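Listing of my_file-v5.pdb, PDB, C-alpha atoms and all ligand atoms
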```
ATOM      1  CA  MET S   1     119.162 128.283 118.404  1.00  0.00           C
ATOM      2  CA  SER S   2     122.599 129.164 119.782  1.00  0.00           C
ATOM      3  CA  ASN S   3     126.147 129.521 118.575  1.00  0.00           C
ATOM      4  CA  GLY S   4     127.471 127.772 121.644  1.00  0.00           C
ATOM      5  CA  GLU S   5     127.127 130.770 123.972  1.00  0.00           C
ATOM      6  CA  ILE S   6     124.384 130.959 126.545  1.00  0.00           C
ATOM      7  CA  ASN S   7     121.961 133.773 125.854  1.00  0.00           C
ATOM      8  CA  LEU S   8     120.591 134.678 129.257  1.00  0.00           C
ATOM      9  CA  ARG S   9     118.056 137.046 127.693  1.00  0.00           C
ATOM     10  CA  ASP S  10     116.060 133.976 126.630  1.00  0.00           C
ATOM     11  CA  LEU S  11     115.593 133.172 130.291  1.00  0.00           C
ATOM     12  CA  GLN S  12     114.681 136.585 131.709  1.00  0.00           C
ATOM     13  CA  HIS S  13     111.359 136.741 133.519  1.00  0.00           C
ATOM     14  CA  PRO S  14     109.330 139.468 131.761  1.00  0.00           C
ATOM     15  CA  ASP S  15     107.897 140.824 135.035  1.00  0.00           C
ATOM     16  CA  ILE S  16     111.223 141.187 136.835  1.00  0.00           C
ATOM     17  CA  PRO S  17     113.398 143.739 135.010  1.00  0.00           C
ATOM     18  CA  VAL S  18     117.179 143.398 135.101  1.00  0.00           C
ATOM     19  CA  PRO S  19     119.244 146.479 134.093  1.00  0.00           C
ATOM     20  CA  GLU S  20     120.360 146.306 130.466  1.00  0.00           C
ATOM     21  CA  GLU S  21     124.097 146.360 131.294  1.00  0.00           C
ATOM     22  CA  MET S  22     123.703 143.313 133.590  1.00  0.00           C
ATOM     23  CA  GLN S  23     121.554 141.178 131.296  1.00  0.00           C
ATOM     24  CA  SER S  24     124.481 139.256 129.836  1.00  0.00           C
ATOM     25  CA  ASN S  25     125.520 138.091 133.316  1.00  0.00           C
ATOM     26  CA  ILE S  26     122.364 137.929 135.434  1.00  0.00           C
ATOM     27  CA  ALA S  27     118.992 136.294 134.802  1.00  0.00           C
ATOM     28  CA  VAL S  28     116.033 136.253 137.152  1.00  0.00           C
ATOM     29  CA  THR S  29     113.856 133.376 136.045  1.00  0.00           C
ATOM     30  CA  SER S  30     111.533 130.570 137.127  1.00  0.00           C
ATOM     31  CA  LEU S  31     112.425 126.936 137.680  1.00  0.00           C
ATOM     32  CA  SER S  32     110.063 125.930 134.835  1.00  0.00           C
ATOM     33  CA  SER S  33     111.805 128.277 132.384  1.00  0.00           C
ATOM     34  CA  LEU S  34     115.214 126.918 133.338  1.00  0.00           C
ATOM     35  CA  TYR S  35     114.007 123.321 133.119  1.00  0.00           C
ATOM     36  CA  ASN S  36     112.334 123.845 129.731  1.00  0.00           C
ATOM     37  CA  TRP S  37     115.231 125.911 128.386  1.00  0.00           C
ATOM     38  CA  ALA S  38     117.648 123.065 129.141  1.00  0.00           C
ATOM     39  CA  ARG S  39     115.337 120.353 127.788  1.00  0.00           C
ATOM     40  CA  SER S  40     114.322 122.134 124.612  1.00  0.00           C
ATOM     41  CA  ARG S  41     117.959 122.726 123.646  1.00  0.00           C
ATOM     42  CA  SER S  42     119.165 119.173 124.176  1.00  0.00           C
ATOM     43  CA  ILE S  43     116.501 117.018 122.505  1.00  0.00           C
ATOM     44  CA  TRP S  44     118.143 113.781 121.435  1.00  0.00           C
ATOM     45  CA  PRO S  45     116.333 112.096 118.531  1.00  0.00           C
ATOM     46  CA  LEU S  46     116.082 108.339 118.155  1.00  0.00           C
ATOM     47  CA  LEU S  47     118.259 107.119 115.298  1.00  0.00           C
ATOM     48  CA  PHE S  48     116.043 105.405 112.761  1.00  0.00           C
ATOM     49  CA  GLY S  49     114.433 106.129 109.425  1.00  0.00           C
ATOM     50  CA  LEU S  50     111.739 104.354 107.459  1.00  0.00           C
ATOM     51  CA  ALA S  51     111.752 105.498 103.829  1.00  0.00           C
ATOM     52  CA  CYS S  52     112.585 108.395 101.482  1.00  0.00           C
ATOM     53  CA  CYS S  53     111.844 111.027 104.176  1.00  0.00           C
ATOM     54  CA  ALA S  54     114.733 109.596 106.188  1.00  0.00           C
ATOM     55  CA  ILE S  55     117.181 110.855 103.563  1.00  0.00           C
ATOM     56  CA  GLU S  56     115.982 114.410 104.210  1.00  0.00           C
ATOM     57  CA  MET S  57     116.284 113.810 107.956  1.00  0.00           C
ATOM     58  CA  ILE S  58     119.882 112.653 107.445  1.00  0.00           C
ATOM     59  CA  ALA S  59     120.572 115.791 105.364  1.00  0.00           C
ATOM     60  CA  THR S  60     119.184 117.898 108.233  1.00  0.00           C
ATOM     61  CA  ALA S  61     121.759 116.412 110.567  1.00  0.00           C
ATOM     62  CA  ALA S  62     124.633 116.924 108.120  1.00  0.00           C
ATOM     63  CA  SER S  63     126.834 120.020 107.838  1.00  0.00           C
ATOM     64  CA  ARG S  64     124.683 122.142 105.502  1.00  0.00           C
ATOM     65  CA  PHE S  65     121.724 122.342 107.895  1.00  0.00           C
ATOM     66  CA  ASP S  66     123.481 121.211 111.077  1.00  0.00           C
ATOM     67  CA  LEU S  67     121.145 120.001 113.805  1.00  0.00           C
ATOM     68  CA  ALA S  68     123.962 120.682 116.273  1.00  0.00           C
ATOM     69  CA  ARG S  69     122.853 124.330 116.334  1.00  0.00           C
ATOM     70  CA  PHE S  70     119.784 123.115 118.236  1.00  0.00           C
ATOM     71  CA  GLY S  71     121.616 120.688 120.540  1.00  0.00           C
ATOM     72  CA  MET S  72     119.905 117.843 118.670  1.00  0.00           C
ATOM     73  CA  GLU S  73     122.791 116.269 116.818  1.00  0.00           C
ATOM     74  CA  VAL S  74     123.190 113.399 119.264  1.00  0.00           C
ATOM     75  CA  MET S  75     120.993 110.844 117.501  1.00  0.00           C
ATOM     76  CA  ARG S  76     120.747 107.914 119.853  1.00  0.00           C
ATOM     77  CA  ALA S  77     120.801 104.288 118.764  1.00  0.00           C
ATOM     78  CA  SER S  78     118.924 103.289 121.922  1.00  0.00           C
ATOM     79  CA  PRO S  79     115.365 104.371 122.769  1.00  0.00           C
ATOM     80  CA  ARG S  80     116.379 104.521 126.422  1.00  0.00           C
ATOM     81  CA  GLN S  81     118.574 107.563 125.724  1.00  0.00           C
ATOM     82  CA  ALA S  82     116.247 109.337 123.290  1.00  0.00           C
ATOM     83  CA  ASP S  83     113.770 112.190 123.893  1.00  0.00           C
ATOM     84  CA  LEU S  84     112.281 112.469 120.416  1.00  0.00           C
ATOM     85  CA  MET S  85     111.037 109.960 117.881  1.00  0.00           C
ATOM     86  CA  ILE S  86     111.100 111.369 114.330  1.00  0.00           C
ATOM     87  CA  VAL S  87     108.856 109.056 112.316  1.00  0.00           C
ATOM     88  CA  SER S  88     110.370 109.727 108.906  1.00  0.00           C
ATOM     89  CA  GLY S  89     108.747 107.683 106.186  1.00  0.00           C
ATOM     90  CA  THR S  90     106.063 105.216 105.269  1.00  0.00           C
ATOM     91  CA  VAL S  91     104.780 103.261 108.270  1.00  0.00           C
ATOM     92  CA  THR S  92     103.988  99.748 107.131  1.00  0.00           C
ATOM     93  CA  LYS S  93     101.880  97.361 109.187  1.00  0.00           C
ATOM     94  CA  LYS S  94     105.006  95.319 109.795  1.00  0.00           C
ATOM     95  CA  MET S  95     106.998  98.313 111.091  1.00  0.00           C
ATOM     96  CA  VAL S  96     104.320  99.793 113.335  1.00  0.00           C
ATOM     97  CA  VAL S  97     104.886  96.935 115.799  1.00  0.00           C
ATOM     98  CA  PRO S  98     108.566  97.789 116.548  1.00  0.00           C
ATOM     99  CA  ILE S  99     107.782 101.530 116.400  1.00  0.00           C
ATOM    100  CA  VAL S 100     105.259 101.225 119.240  1.00  0.00           C
ATOM    101  CA  ARG S 101     107.634  98.965 121.168  1.00  0.00           C
ATOM    102  CA  LEU S 102     110.473 101.516 120.785  1.00  0.00           C
ATOM    103  CA  TYR S 103     108.136 104.319 121.844  1.00  0.00           C
ATOM    104  CA  ASN S 104     107.259 102.408 125.013  1.00  0.00           C
ATOM    105  CA  GLN S 105     110.955 101.966 125.775  1.00  0.00           C
ATOM    106  CA  MET S 106     111.719 105.701 125.603  1.00  0.00           C
ATOM    107  CA  PRO S 107     111.872 107.411 128.999  1.00  0.00           C
ATOM    108  CA  GLU S 108     109.592 110.331 129.726  1.00  0.00           C
ATOM    109  CA  PRO S 109     109.366 113.137 128.835  1.00  0.00           C
ATOM    110  CA  LYS S 110     109.209 111.913 125.235  1.00  0.00           C
ATOM    111  CA  TYR S 111     107.967 113.508 122.053  1.00  0.00           C
ATOM    112  CA  VAL S 112     106.981 112.333 118.567  1.00  0.00           C
ATOM    113  CA  LEU S 113     107.340 114.227 115.290  1.00  0.00           C
ATOM    114  CA  ALA S 114     105.553 112.820 112.229  1.00  0.00           C
ATOM    115  CA  MET S 115     107.728 113.757 109.257  1.00  0.00           C
ATOM    116  CA  GLY S 116     106.025 113.799 105.866  1.00  0.00           C
ATOM    117  CA  ALA S 117     102.725 112.782 104.336  1.00  0.00           C
ATOM    118  CA  CYS S 118     103.231 109.045 104.935  1.00  0.00           C
ATOM    119  CA  ALA S 119     103.922 109.270 108.677  1.00  0.00           C
ATOM    120  CA  SER S 120     101.169 111.865 109.135  1.00  0.00           C
ATOM    121  CA  GLY S 121      98.374 110.113 107.247  1.00  0.00           C
ATOM    122  CA  GLY S 122      99.541 107.363 104.910  1.00  0.00           C
ATOM    123  CA  GLY S 123     100.590 109.744 102.102  1.00  0.00           C
ATOM    124  CA  PRO S 124     100.495 108.322  98.579  1.00  0.00           C
ATOM    125  CA  PHE S 125     100.025 104.838 100.053  1.00  0.00           C
ATOM    126  CA  LYS S 126      96.962 105.697 102.138  1.00  0.00           C
ATOM    127  CA  GLU S 127      94.533 102.758 102.163  1.00  0.00           C
ATOM    128  CA  GLY S 128      97.293 100.545 100.758  1.00  0.00           C
ATOM    129  CA  TYR S 129      97.071  96.940 101.910  1.00  0.00           C
ATOM    130  CA  ASN S 130     100.313  97.148 103.909  1.00  0.00           C
ATOM    131  CA  VAL S 131     100.449 100.760 105.139  1.00  0.00           C
ATOM    132  CA  VAL S 132      98.895 102.382 108.211  1.00  0.00           C
ATOM    133  CA  SER S 133      97.079 105.683 107.713  1.00  0.00           C
ATOM    134  CA  GLY S 134      99.246 107.729 110.041  1.00  0.00           C
ATOM    135  CA  ILE S 135     101.355 106.879 113.061  1.00  0.00           C
ATOM    136  CA  ASP S 136      98.997 108.903 115.270  1.00  0.00           C
ATOM    137  CA  LYS S 137      96.563 105.982 115.111  1.00  0.00           C
ATOM    138  CA  TYR S 138      98.972 104.243 117.495  1.00  0.00           C
ATOM    139  CA  ILE S 139     101.121 106.766 119.385  1.00  0.00           C
ATOM    140  CA  PRO S 140     100.536 110.434 120.293  1.00  0.00           C
ATOM    141  CA  VAL S 141     102.133 112.889 117.860  1.00  0.00           C
ATOM    142  CA  ASP S 142     103.322 116.321 119.032  1.00  0.00           C
ATOM    143  CA  VAL S 143     104.310 117.922 115.722  1.00  0.00           C
ATOM    144  CA  TYR S 144     103.341 117.129 112.117  1.00  0.00           C
ATOM    145  CA  VAL S 145     105.625 118.251 109.290  1.00  0.00           C
ATOM    146  CA  PRO S 146     103.823 118.205 105.909  1.00  0.00           C
ATOM    147  CA  GLY S 147     105.479 117.422 102.578  1.00  0.00           C
ATOM    148  CA  CYS S 148     106.482 114.515 100.374  1.00  0.00           C
ATOM    149  CA  PRO S 149     109.247 114.662 101.377  1.00  0.00           C
ATOM    150  CA  PRO S 150     109.542 117.703 103.629  1.00  0.00           C
ATOM    151  CA  THR S 151     112.751 119.634 103.041  1.00  0.00           C
ATOM    152  CA  PRO S 152     115.396 119.837 105.784  1.00  0.00           C
ATOM    153  CA  GLN S 153     114.218 123.431 106.367  1.00  0.00           C
ATOM    154  CA  ALA S 154     110.678 122.134 106.982  1.00  0.00           C
ATOM    155  CA  LEU S 155     111.981 119.581 109.480  1.00  0.00           C
ATOM    156  CA  LEU S 156     113.957 122.325 111.255  1.00  0.00           C
ATOM    157  CA  TYR S 157     110.764 124.401 111.404  1.00  0.00           C
ATOM    158  CA  GLY S 158     108.984 121.425 113.004  1.00  0.00           C
ATOM    159  CA  LEU S 159     111.783 121.015 115.531  1.00  0.00           C
ATOM    160  CA  ILE S 160     111.588 124.723 116.426  1.00  0.00           C
ATOM    161  CA  ALA S 161     107.798 124.260 116.864  1.00  0.00           C
ATOM    162  CA  LEU S 162     108.565 121.400 119.262  1.00  0.00           C
ATOM    163  CA  GLN S 163     110.978 123.626 121.214  1.00  0.00           C
ATOM    164  CA  LYS S 164     108.216 126.238 121.513  1.00  0.00           C
ATOM    165  CA  LYS S 165     105.784 123.572 122.716  1.00  0.00           C
ATOM    166  CA  ILE S 166     108.251 122.425 125.388  1.00  0.00           C
ATOM    167  CA  GLU S 167     108.824 126.020 126.514  1.00  0.00           C
ATOM    168  CA  LYS S 168     105.093 126.360 127.209  1.00  0.00           C
ATOM    169  CA  GLN S 169     105.045 123.405 129.625  1.00  0.00           C
ATOM    170  CA  SER S 170     105.075 124.344 133.294  1.00  0.00           C
ATOM    171  CA  LEU S 171     106.088 122.394 136.370  1.00  0.00           C
ATOM    172  CA  GLY S 172     103.318 124.249 138.199  1.00  0.00           C
ATOM    173  CA  VAL S 173     100.579 122.860 135.895  1.00  0.00           C
ATOM    174  CA  GLY S 174     100.383 119.089 136.356  1.00  0.00           C
ATOM    175  CA  ALA S 175      98.406 118.533 133.151  1.00  0.00           C
ATOM    176  CA  SER S 176     101.197 120.021 131.029  1.00  0.00           C
ATOM    177  CA  VAL S 177     103.918 117.745 132.517  1.00  0.00           C
ATOM    178  CA  PRO S 178     102.091 114.445 133.136  1.00  0.00           C
ATOM    179  CA  TRP S 179     105.370 112.541 133.564  1.00  0.00           C
ATOM    180  CA  TYR S 180     106.578 114.743 136.427  1.00  0.00           C
ATOM    181  CA  GLY S 181     106.232 113.103 139.838  1.00  0.00           C
ATOM    182  CA  SER S 182     103.367 110.840 138.779  1.00  0.00           C
ATOM    183  CA  GLY S 183     105.257 107.589 138.172  1.00  0.00           C
ATOM    184  CA  PRO S 184     105.513 105.670 134.928  1.00  0.00           C
ATOM    185  CA  SER S 185     102.726 106.231 132.435  1.00  0.00           C
ATOM    186  CA  GLU S 186     100.764 103.441 130.840  1.00  0.00           C
ATOM    187  CA  GLU S 187     102.370 101.642 127.937  1.00  0.00           C
ATOM    188  CA  VAL S 188     100.750 101.820 124.510  1.00  0.00           C
ATOM    189  CA  PRO S 189      99.539  98.281 123.679  1.00  0.00           C
ATOM    190  CA  VAL S 190     101.830  96.854 121.001  1.00  0.00           C
ATOM    191  CA  PRO S 191      99.831  95.977 117.848  1.00  0.00           C
ATOM    192  CA  ILE S 192      99.786  92.358 116.716  1.00  0.00           C
ATOM    193  CA  LEU S 193     100.673  91.485 113.154  1.00  0.00           C
ATOM    194  CA  GLY S 194      98.660  88.583 111.798  1.00  0.00           C
ATOM    195  CA  PRO S 195      97.023  88.380 108.368  1.00  0.00           C
ATOM    196  CA  ASP S 196      96.285  92.060 109.127  1.00  0.00           C
ATOM    197  CA  ILE S 197      97.375  94.429 111.890  1.00  0.00           C
ATOM    198  CA  ILE S 198      95.339  94.233 115.103  1.00  0.00           C
ATOM    199  CA  ASP S 199      95.306  97.023 117.645  1.00  0.00           C
ATOM    200  CA  PRO S 200      94.732  95.445 121.093  1.00  0.00           C
ATOM    201  CA  ARG S 201      92.784  98.586 122.105  1.00  0.00           C
ATOM    202  CA  HIS S 202      90.061  97.451 119.696  1.00  0.00           C
ATOM    203  CA  ALA S 203      89.974  93.939 121.152  1.00  0.00           C
ATOM    204  CA  GLU S 204      86.659  94.450 122.943  1.00  0.00           C
ATOM    205  CA  VAL S 205      84.898  95.565 119.734  1.00  0.00           C
ATOM    206  CA  LEU S 206      86.389  92.626 117.837  1.00  0.00           C
ATOM    207  CA  ARG S 207      85.302  90.225 120.584  1.00  0.00           C
ATOM    208  CA  LYS S 208      81.736  91.567 120.478  1.00  0.00           C
ATOM    209  CA  GLU S 209      81.611  91.238 116.695  1.00  0.00           C
ATOM    210  CA  ALA S 210      82.952  87.686 116.897  1.00  0.00           C
ATOM    211  CA  LYS S 211      80.276  86.716 119.408  1.00  0.00           C
ATOM    212  CA  LYS S 212      77.435  87.813 117.142  1.00  0.00           C
ATOM    213  CA  ASN S 213      75.476  84.786 116.054  1.00  0.00           C
ATOM    214  CA  ARG S 214      76.299  84.608 112.375  1.00  0.00           C
ATOM    215  CA  PRO S 215      76.281  81.116 110.914  1.00  0.00           C
ATOM    216  CA  THR S 216      79.450  80.458 108.937  1.00  0.00           C
ATOM    217  CA  PRO S 217      78.498  80.182 105.244  1.00  0.00           C
ATOM    218  CA  THR S 218      79.594  77.217 103.185  1.00  0.00           C
ATOM    219  CA  VAL S 219      82.100  77.901 100.401  1.00  0.00           C
ATOM    220  CA  ALA S 220      79.291  77.699  97.813  1.00  0.00           C
ATOM    221  CA  GLU S 221      77.156  80.186  99.751  1.00  0.00           C
ATOM    222  CA  ALA S 222      80.096  82.583 100.179  1.00  0.00           C
ATOM    223  CA  LEU S 223      80.886  82.410  96.442  1.00  0.00           C
ATOM    224  CA  ALA S 224      77.251  82.997  95.552  1.00  0.00           C
ATOM    225  CA  GLU S 225      77.157  86.040  97.836  1.00  0.00           C
ATOM    226  CA  LEU S 226      80.343  87.386  96.291  1.00  0.00           C
ATOM    227  CA  THR S 227      78.991  86.977  92.761  1.00  0.00           C
ATOM    228  CA  LYS S 228      75.793  88.709  93.800  1.00  0.00           C
ATOM    229  CA  ALA S 229      77.730  91.639  95.290  1.00  0.00           C
ATOM    230  CA  GLU S 230      79.894  91.985  92.167  1.00  0.00           C
ATOM    231  CA  SER S 231      76.967  91.973  89.772  1.00  0.00           C
ATOM    232  CA  ALA S 232      75.038  94.532  91.858  1.00  0.00           C
TER
HETATM  233  S1  LIG I 301     106.026 111.261 102.428  1.00  0.00           S
HETATM  234 FE1  LIG I 301     106.809 111.017 100.340  1.00  0.00          FE
HETATM  235  S2  LIG I 301     109.023 111.182 100.570  1.00  0.00           S
HETATM  236 FE2  LIG I 301     108.201 110.766 102.626  1.00  0.00          FE
HETATM  237  S3  LIG I 301     108.272 108.529 102.863  1.00  0.00           S
HETATM  238 FE3  LIG I 301     106.259 109.068 102.031  1.00  0.00          FE
HETATM  239  S4  LIG I 301     106.496 108.846  99.796  1.00  0.00           S
HETATM  240 FE4  LIG I 301     108.558 108.990 100.673  1.00  0.00          FE
END
```
Written as structure tokens, that's how I'd like the structure from this file.
Amino acid sequence: MSNGEINLRDLQHPDIPVPEEMQSNIAVTSLSSLYNWARSRSIWPLLFGLACCAIEMIATAASRFDLARFGMEVMRASPRQADLMIVSGTVTKKMVVPIVRLYNQMPEPKYVLAMGACASGGGPFKEGYNVVSGIDKYIPVDVYVPGCPPTPQALLYGLIALQKKIEKQSLGVGASVPWYGSGPSEEVPVPILGPDIIDPRHAEVLRKEAKKNRPTPTVAEALAELTKAESA
């Protein structure tokens, strides 16, 4: 968090001491620290909300809580200019399709924060006919913020946790920055909405099940089986 001034002490390398009187003007640091320091203080969230949690997200950006203190106030209306997707609200089967498509369109490095019980696991609608049980079934989530809805303070805490996560990434450790110098990453297959949602990653299992030699029952047989199951 900053008040607009650069605090060079955040950047100081712990093993290379700089005299106290010079610390406000000189920092000896690593390229990774500088890179992460800049990124973690200018995370631009994607501008969209799904349900009641979105109202709390909007409050977080307004003057009382003021996301601008974190360099995050620039909510982008285009995924191509966004670093962070805040999934704030109930993810219905209909909405998960555009969410995955928007995620694919965000440039790397990109992060996802699941805000609230619904986005994290389905919340009060878990197992509902039209709701998915957590956005992490489809896209990778970096930070989960619990609550129904989480307060703006809770969202800020989650955003600070994300900043800490970014600060731990290192350009010298390839696994921690998979986007760096390795070309575009694979897209997440966009789910297909039919009578129910279908995740293309499960296509092989579905194909195998479909190939199993099960004779299609007649309507009378299916009804008889249903009655049998209900009376059991
Ligand atoms: S977690 Fe609660 S407040 Fe947030 S979208 Fe779901 S029902 Fe609404």
Report as lines of an AutoDock Vina configuration file the centre and the edge lengths, in Å to one decimal, of the axis-aligned box holding every listed atom of ligand LIG 301 (chain I), padded by 5 Å on each side.
```
center_x = 107.5
center_y = 109.9
center_z = 101.3
size_x = 13.0
size_y = 12.7
size_z = 13.1
```
For the contact check between region 11-64 of chain S and region 175-192 of chain S, emit one row per residue of region 11-64 of chain S within 12 Å, containing the shortest atom pair and the distance in Å rounded to one decimal, counting only C-alpha atoms, chain then rising number order, as a tab-separated table.
```
residue	atom	partner	partner_atom	distance
S:Ser32	CA	S:Val177	CA	10.5
S:Tyr35	CA	S:Val177	CA	11.5
S:Asn36	CA	S:Val177	CA	10.8
```
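You can rank S:Lys164, S:Lys126, S:Lys228, S:Arg69 by their closest distance to ligand LIG 301 (chain I) using all atoms listed in the file, and at the top of that list sits S:Lys126.
CA of Leu159 (chain S) lies 19.3 Å from CA of Asn7 (chain S).
Run against this file, the PyMOL selection byres (((chain S and resi 70-81) around 8) and not hetatm) gives back Met1, Ser2, Arg41, Ser42, Ile43, Trp44, Pro45, Leu46, Leu47, Phe48, Ala61, Asp66, Leu67, Ala68, Arg69, Ala82, Asp83, Leu102, Tyr103, Gln105, Met106 and Pro107 of chain S.
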### Contacts to ligand LIG 301 (chain I) at 10 Å cut-off (all atoms listed in the file) as a PyMOL selection string
chain S and resi 49-56+87-91+114-126+145-151
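When the PyMOL selection byres (((chain S and resi 29) around 10) and not hetatm) is run on the displayed coordinates, the residues it returns are S:Leu8, S:Asp10, S:Leu11, S:Gln12, S:His13, S:Pro14, S:Asp15, S:Ile16, S:Ile26, S:Ala27, S:Val28, S:Ser30, S:Leu31, S:Ser32, S:Ser33, S:Leu34.
What separates CA of Glu225 (chain S) from CA of Ile197 (chain S) is a distance of 26.0 Å.
Residue nearest Glu108 (chain S) within the list S:Arg39, S:Lys93, S:Tyr129, S:Val143: S:Arg39 [criterion: smallest interatomic distance, all atoms listed in the file].
Closest to Val132 (chain S) among S:Gln153, S:Met85, S:Ile198, S:Val112 is S:Ile198, based on all atoms listed in the file.
One finds CA of Ala232 (chain S) at 18.4 Å from CA of Ala220 (chain S).
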### Task
Show which residues sit within 10 Å of Asp142 (chain S), as number ranges by chain. Count only C-alpha atoms, and ignore same-chain residues fewer than 5 positions away.
S: 84, 110-114, 136, 158, 161-162, 165
### Task
Counting all atoms listed in the file, write as a PyMOL selection string all protein and nucleic acid residues lying at most 8 Å from (105.1, 96.6, 116.7) in the file's frame.
chain S and resi 94-101+190-193
### Message
Under the rule that all atoms listed in the file are counted, which of S:Ser170, S:Thr216, S:Pro152, S:Ser40 is the nearest residue to Ala62 (chain S)?
### Response
S:Pro152
